[in-house]
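**Student:** Before I ask anything, here is the structure I am working with.
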Amino acid sequence: MRLDLPRLRERLGAVLFYGLQSVYELDSGMAADEPISERWEATQRIPYELLHDNLQKMAIVVPVREEKLKLLDGVFAGIPNACQIILVSNSSRSPIDRFELERDASNSFGVYTNRPVISVHQRDPQLAKAFAEAGYTEILDDEGLVRSGKAEGMLIGTMLARLSGRETIGFIDSDNYFPGAVLEYCHLFASGFAMARAKHYAMVRISWASKPKIVENNLYFAKWGRSSIITNRFMNQLVSSYTGFETEVIRTGNAGEHAMTLDLAMNMGHSSGYSIEPYQLVYLMEQFGGVEAPEAPDSTDVIRNTVNVYQVESRNPHLHEYKGEEHVERMIEASLSVIYHSPLCPDSLKEDIRRELSERRIRAADEELPQLRKYQPLAKADQQAFRAALEGHPAETALEFAL
Ligand code: GDD
Ligand code: MG
């Protein structure tokens with residue numbers, strides 16, 4: 001992999017946001033292939049060996065809810081052999097047990113490729129018990145089971161990744177039509193960690209170069225997702241209001257495909273459902289930007305080491321399932337809500353957000369935005385108790401193999 005050097009950077013306290021970086025070569029050869037004459041720094045080269053070292057440290061969490069099995073299968077095929085796969089499903093179990101079909105697919109994949117795949121169902125009572133024993137009951141609903149939602153699935157994946165002994169965690173959606181894009185995302189995650197100066201606390205977020213659509217019977221490669229363009233605009237305004245300088249540094253407000261060191265992931269607070277990705281940026285600014293007293297258990301260490309946030313533009317087009325207009329509107333509202341309710345958000349920006357939502361007929365201008373459910377950092381959960389409560393569970397057996 002060969003990437004350019006980030007031209008832009010914005011520093012907010014202990015958080016360093018790097019500007020968008022692009023890919024020059026998807027494959028830049030082995031370490032020994034570098035000609036001496038090329039050893040100058042216009043681009044940075046991540047040779048195979050370094051990429052592989054970083055892939056070996058990585059767990060990839062795949063959240064799934066009622067997706068086509070064919071797509072899930074393609075996503076598995078795109079995840080490099082060195083990575084530990086963790087499947088977290090919230091698919092229905094009746095009248096057809098779709099999770100059983102997914103587990104079957106992941107087990108077969110594991111057998112054919114000789115890789116232990118960890119798979120769990122979000123609403124599994126034993127998993128709920130593990131969270132209860134770990135003292136992390138906020139993730140449970142009235143029925144005592146883990147709440148539904150993409151973020152909640154990601155929290156499960158994060159706990160399991162921590163127990164698997166891996167050092168970094170990446171998230172890849174299961175509704176991706178191009179296995180080659182999945183492979184690129186994993187390589188970009190690994191490249192980001194290879195570049196990271198703050199080894200303990202780093203994040204890599206992917207921005208898609210294009211999203212193919214059919215417009216007037218032709219293929220059209222749109223640059224920005226409908227939600228991303230709005231989220232990024234308001235997120236940049238939030239950064240600007242903090243630094244006093246207008247900026248466009250944020251290009252990945254809604255990055256479904258992103259990765260973190262587990263040390264960072266365990267110290268992040270979360271917002272529910274689809275607001276999780278924009279909230280990560282807001283949380284970093286709030287907690288480690290030097291404004292508020294941080295709540296994360298290892299916050300002193302985080303602040304001492306700084307957090308590096310990389311944003312990389314992938315080369316492959318991103319093609320995923322179309323989930324409808326209302327889905328996009330809900331995502332916009334959820335993303336803007338975490339900006340709106342941040343203590344960092346000035347009144348003028350709040351007003352702009354309300355205006356934006358009312359112009360899009362998502363919410364009336366005089367209406368307050370809903371406060372979304374927040375979760376504390378998982379570092380507050382008792383990992384030993386969580387592990388002990390999973391005894392005898394197929395995921396626990398897979399974890400044994402994974403270690
Ligand atoms: N485990 C679990 N639990 N998975 C879920 C749930 C759930 O409750 N809900 C959705 N998923 C899975 C889906 O099956 C899919 O693989 C992934 O999470 C993303 O959900 P989509 O419904 O496909 O979301 P999207 O494509 O509109 O948005 C994605 O991209 C955005 C960036 O443009 C998401 O990753 C967003 O979070 C992201 O902001
Ligand atoms: Mg999708």
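Identifiers in the structure tokens: chain A, B, ... in order shown; residue index from 1 per chain; ligand index from 1 in order shown.
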Tell me which protein, DNA and RNA residues are within 8 Å of Gln280 of chain A, counting only C-alpha atoms, leaving out same-chain ones fewer than 6 positions away, and put them as a ChimeraX atom specification.

**Tutor:** /A:268-270

**Student:** Name the residues in contact with Ile46 of chain A at a cut-off of 8 Å, using only C-alpha atoms, excluding same-chain residues fewer than 6 positions from it; report them as a ChimeraX atom specification.

**Tutor:** /A:1-2,28,191,194

**Student:** Could you please take those selected residues and save N, CA, C and O atoms as a compact mmCIF listing (two decimals), in the first residue's frame?

**Tutor:**
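The resulting again-v1.txt:
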# COMPACT_ATOMS: atom_id res chain seq x y z
N MET A 1 0.84 -1.18 0.00
CA MET A 1 0.00 0.00 0.00
C MET A 1 0.88 1.25 0.00
O MET A 1 1.88 1.29 0.69
N ARG A 2 0.51 2.22 -0.83
CA ARG A 2 1.23 3.49 -0.79
C ARG A 2 0.21 4.63 -0.67
O ARG A 2 -0.72 4.73 -1.46
N SER A 28 2.36 -2.09 -2.86
CA SER A 28 3.62 -1.39 -3.09
C SER A 28 4.82 -2.31 -2.86
O SER A 28 5.93 -1.84 -2.65
N SER A 191 -2.68 -0.11 7.30
CA SER A 191 -1.75 0.95 6.92
C SER A 191 -1.81 2.10 7.91
O SER A 191 -0.79 2.68 8.27
N ALA A 194 0.03 1.24 10.91
CA ALA A 194 1.47 1.23 10.64
C ALA A 194 2.01 2.68 10.68
O ALA A 194 3.13 2.92 11.11

**Student:** Measuring atom to atom with only C-alpha atoms, identify which of A:Leu127, A:Ile276, A:Val146, A:Leu238 is nearest to Glu396 of chain A.

**Tutor:**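 Under the stated criterion, the closest residue is A:Leu127.
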
**Student:** Could you work out how far atom CA of Ser227 of chain A lies from atom CA of Arg354 of chain A, giving the answer in Å with one decimal?

**Tutor:** 15.6 Å

**Student:** Would you give me, as CSV, each residue of chain A having an atom within 12 Å of an atom of ligand 2, along with its shortest atom pair and that distance in Å to one decimal, using only C-alpha atoms and all ligand atoms and sorting by chain and residue number?

**Tutor:**
residue,atom,partner,partner_atom_place_in_ligand_line,distance
A:Val62,CA,ligand 2,1 (Mg),11.8
A:Pro63,CA,ligand 2,1 (Mg),10.4
A:Val64,CA,ligand 2,1 (Mg),9.8
A:Arg65,CA,ligand 2,1 (Mg),10.2
A:Glu66,CA,ligand 2,1 (Mg),11.3
A:Glu67,CA,ligand 2,1 (Mg),9.4
A:Lys68,CA,ligand 2,1 (Mg),11.7
A:Leu71,CA,ligand 2,1 (Mg),11.1
A:Leu72,CA,ligand 2,1 (Mg),11.9
A:Lys150,CA,ligand 2,1 (Mg),10.9
A:Ile172,CA,ligand 2,1 (Mg),9.9
A:Asp173,CA,ligand 2,1 (Mg),6.5
A:Ser174,CA,ligand 2,1 (Mg),7.6
A:Asp175,CA,ligand 2,1 (Mg),5.5
A:Asn176,CA,ligand 2,1 (Mg),7.1
A:Tyr177,CA,ligand 2,1 (Mg),10.0
A:Lys211,CA,ligand 2,1 (Mg),11.6
A:Gly225,CA,ligand 2,1 (Mg),11.0
A:Asn254,CA,ligand 2,1 (Mg),11.6
A:Ala255,CA,ligand 2,1 (Mg),11.1
A:Gly256,CA,ligand 2,1 (Mg),8.4
A:Glu257,CA,ligand 2,1 (Mg),10.4
A:Tyr274,CA,ligand 2,1 (Mg),10.8
A:His318,CA,ligand 2,1 (Mg),9.6
A:Leu319,CA,ligand 2,1 (Mg),8.4
A:His320,CA,ligand 2,1 (Mg),5.2
A:Glu321,CA,ligand 2,1 (Mg),5.4
A:Tyr322,CA,ligand 2,1 (Mg),7.0
A:Lys323,CA,ligand 2,1 (Mg),7.2
A:Gly324,CA,ligand 2,1 (Mg),10.4
A:His327,CA,ligand 2,1 (Mg),10.1
A:Val328,CA,ligand 2,1 (Mg),10.3
A:Met331,CA,ligand 2,1 (Mg),11.4
